[in-house]
Amino acid sequence: MTMGLTTFLVRKNPKLVKELRIAHIKKSPENFIKQVFVISIMICFIMTFFTMLFVLKFDQNKGYILLALIVSFLITFLFMWQTPKGNIRKREREINQEILFAGRYLLVKLESGVPLFNALIDISQSYGVASKYMKEIVDEIQTGTSLEDALEQAREYNASKKFKRILWQIVTSLKTGVEVSTSLKHTLEGITEEQILEIKTYGKTLNSLMMFYMILGCVMPSLGVALFTIFATFLSLELTPGIMFFMGFMLAAVQFMFIIFIKGTRPMVNI
């Protein structure tokens, strides 16, 4: 049954192979899906066990156990399923943070007369986070892949669109015989303008996010809990530990979601 479900999910997600390679997850799609199932089942049993202890201690509805079983499995499975996309996003942010400086460093090397391959080696040995991504290209070339093919593969399986543009310009220049430094210079100027625009856009967006955070993350939870407690008292509603636990969990979840969202919208740029 597991093999059949794994095969079905692989067929329904043909992009998974490419996503795993871009994310540098060195597993086949089948093994990745099996790992997702195993971790989901383990987390599911752990959460169900703690829920069972809670139900037995406070004499709550045993339906919470089944609910915890289903919800914990689905949430864990969906979270683990997004692991490749999360890794891709992380790699993209790492590259974009330094790609402009790395590109300028490469441009300076080329304009000073250093061959392209030697310039790539210099970056792979000295330039911060970007060095490990350049080192992947250098390693491919040193194992026998031609310079053009290595750059083309790096472009195809790269997480950053900006880095892809730089690699595409270099590959195009090599194929057409155009001076690499000239096309690279124009590309870097375009990326600089884009990053400046991203910073301005983020500044405007942040003001709106802070307003929504104050309303949804601070004002509504505090007033909502106070009003709910008052109305529950007037209506003689019983505030069970389960209800209080659920309310506390939802408040924490809202706070956590805002933090993740604000952090995720921050542009990773350095100009």
# chains A, B, ... in the order shown; residues from 1 in each chain; ligands from 1
>>> residues_around(residues="Leu5 (chain A)", least_positions_apart="3", cutoff="12 Å", atoms="only C-alpha atoms", output="PyMOL selection string")
chain A and resi 1-2+8-12+30+33-34+37
>>> select_by_dssp(residues="region 5-242 of chain A", states="alpha helix (DSSP H)", output="PyMOL selection string")
chain A and resi 5-12+16-22+29-58+63-81+83-111+116-126+130-142+147-156+161-176+180-212+220-234+241-242
>>> atom_distance(atom1="CA of Leu107 (chain A)", atom2="CA of Thr201 (chain A)")
28.2 Å
>>> residues_around(residues="region 121-131 of chain A", least_positions_apart="6", cutoff="8 Å", atoms="only C-alpha atoms", output="NGL selection string")
:A and (94-95 or 98-99 or 102 or 105-106 or 138)
>>> write_last_selection(atoms="C-alpha atoms", output="PDB file, in the first residue's frame")
ATOM      1  CA  GLU A  94      21.229  33.332   0.809  1.00  0.00           C
ATOM      2  CA  ILE A  95      22.257  33.890  -2.807  1.00  0.00           C
ATOM      3  CA  GLU A  98      25.333  38.570  -1.664  1.00  0.00           C
ATOM      4  CA  ILE A  99      24.808  38.017  -5.383  1.00  0.00           C
ATOM      5  CA  ALA A 102      29.760  38.639  -5.845  1.00  0.00           C
ATOM      6  CA  TYR A 105      33.681  41.083  -7.668  1.00  0.00           C
ATOM      7  CA  LEU A 106      33.486  38.880 -10.756  1.00  0.00           C
ATOM      8  CA  VAL A 138      33.996  25.080 -10.167  1.00  0.00           C
TER       9      VAL A 138
END
>>> atom_distance(atom1="CA of Thr76 (chain A)", atom2="CA of Phe32 (chain A)")
14.2 Å
>>> residues_around(residues="Ile22 (chain A)", least_positions_apart="4", cutoff="12 Å", atoms="only C-alpha atoms", output="list in words")
Lys15, Leu16, Val17, Lys18, Lys26, Lys27, Thr83, Pro84, Lys85, Gly86, Asn87, Ile88, Arg89, Lys90, Arg91, Glu92, Tyr133, Gln153, Ala154, Arg155, Glu156, Tyr157, Asn158, Ala159 and Ser160 of chain A
>>> atom_distance(atom1="CA of Ser173 (chain A)", atom2="CA of Glu140 (chain A)")
19.8 Å
>>> residues_around(residues="Phe212 (chain A)", least_positions_apart="5", cutoff="12 Å", atoms="only C-alpha atoms", output="list in words")
Thr205, Leu206, Asn207, Gly217, Cys218, Val219, Met220, Val254, Gln255, Phe258, Phe261 and Ile262 of chain A
>>> residues_around(residues="Leu110 (chain A)", least_positions_apart="6", cutoff="10 Å", atoms="only C-alpha atoms", output="list in words")
Arg104, Leu116, Phe117, Asn118, Ala119, Leu120, Glu179, Val180, Ser181, Thr182 and Leu184 of chain A
>>> write_last_selection(atoms="N, CA and C atoms", output="PDB file, in the first residue's frame")
ATOM      1  N   ARG A 104      29.743  41.900  -8.740  1.00  0.00           N
ATOM      2  CA  ARG A 104      30.674  43.018  -8.934  1.00  0.00           C
ATOM      3  C   ARG A 104      32.123  42.556  -8.785  1.00  0.00           C
ATOM      4  N   LEU A 116      37.802  33.892 -17.073  1.00  0.00           N
ATOM      5  CA  LEU A 116      36.542  33.634 -16.387  1.00  0.00           C
ATOM      6  C   LEU A 116      36.664  32.487 -15.386  1.00  0.00           C
ATOM      7  N   PHE A 117      37.278  31.386 -15.773  1.00  0.00           N
ATOM      8  CA  PHE A 117      37.387  30.237 -14.874  1.00  0.00           C
ATOM      9  C   PHE A 117      38.197  30.584 -13.626  1.00  0.00           C
ATOM     10  N   ASN A 118      39.291  31.319 -13.806  1.00  0.00           N
ATOM     11  CA  ASN A 118      40.107  31.736 -12.658  1.00  0.00           C
ATOM     12  C   ASN A 118      39.329  32.689 -11.735  1.00  0.00           C
ATOM     13  N   ALA A 119      38.501  33.545 -12.350  1.00  0.00           N
ATOM     14  CA  ALA A 119      37.686  34.462 -11.550  1.00  0.00           C
ATOM     15  C   ALA A 119      36.665  33.688 -10.720  1.00  0.00           C
ATOM     16  N   LEU A 120      36.082  32.639 -11.308  1.00  0.00           N
ATOM     17  CA  LEU A 120      35.131  31.801 -10.573  1.00  0.00           C
ATOM     18  C   LEU A 120      35.824  31.090  -9.405  1.00  0.00           C
ATOM     19  N   GLU A 179      31.881  40.203 -25.347  1.00  0.00           N
ATOM     20  CA  GLU A 179      32.652  40.416 -24.127  1.00  0.00           C
ATOM     21  C   GLU A 179      31.770  40.162 -22.907  1.00  0.00           C
ATOM     22  N   VAL A 180      32.213  39.253 -22.038  1.00  0.00           N
ATOM     23  CA  VAL A 180      31.410  38.861 -20.881  1.00  0.00           C
ATOM     24  C   VAL A 180      31.211  40.033 -19.923  1.00  0.00           C
ATOM     25  N   SER A 181      32.252  40.823 -19.710  1.00  0.00           N
ATOM     26  CA  SER A 181      32.183  41.915 -18.737  1.00  0.00           C
ATOM     27  C   SER A 181      31.142  42.958 -19.125  1.00  0.00           C
ATOM     28  N   THR A 182      30.957  43.188 -20.433  1.00  0.00           N
ATOM     29  CA  THR A 182      29.988  44.200 -20.880  1.00  0.00           C
ATOM     30  C   THR A 182      28.561  43.794 -20.536  1.00  0.00           C
ATOM     31  N   LEU A 184      27.641  41.507 -18.406  1.00  0.00           N
ATOM     32  CA  LEU A 184      27.530  41.326 -16.964  1.00  0.00           C
ATOM     33  C   LEU A 184      27.301  42.660 -16.263  1.00  0.00           C
TER      34      LEU A 184
END
>>> residues_around(residues="Pro267 (chain A)", least_positions_apart="3", cutoff="9 Å", atoms="only C-alpha atoms", output="list in words")
Arg93, Asn96, Gln97, Gln195, Glu198, Ile199, Tyr202, Lys263 and Gly264 of chain A
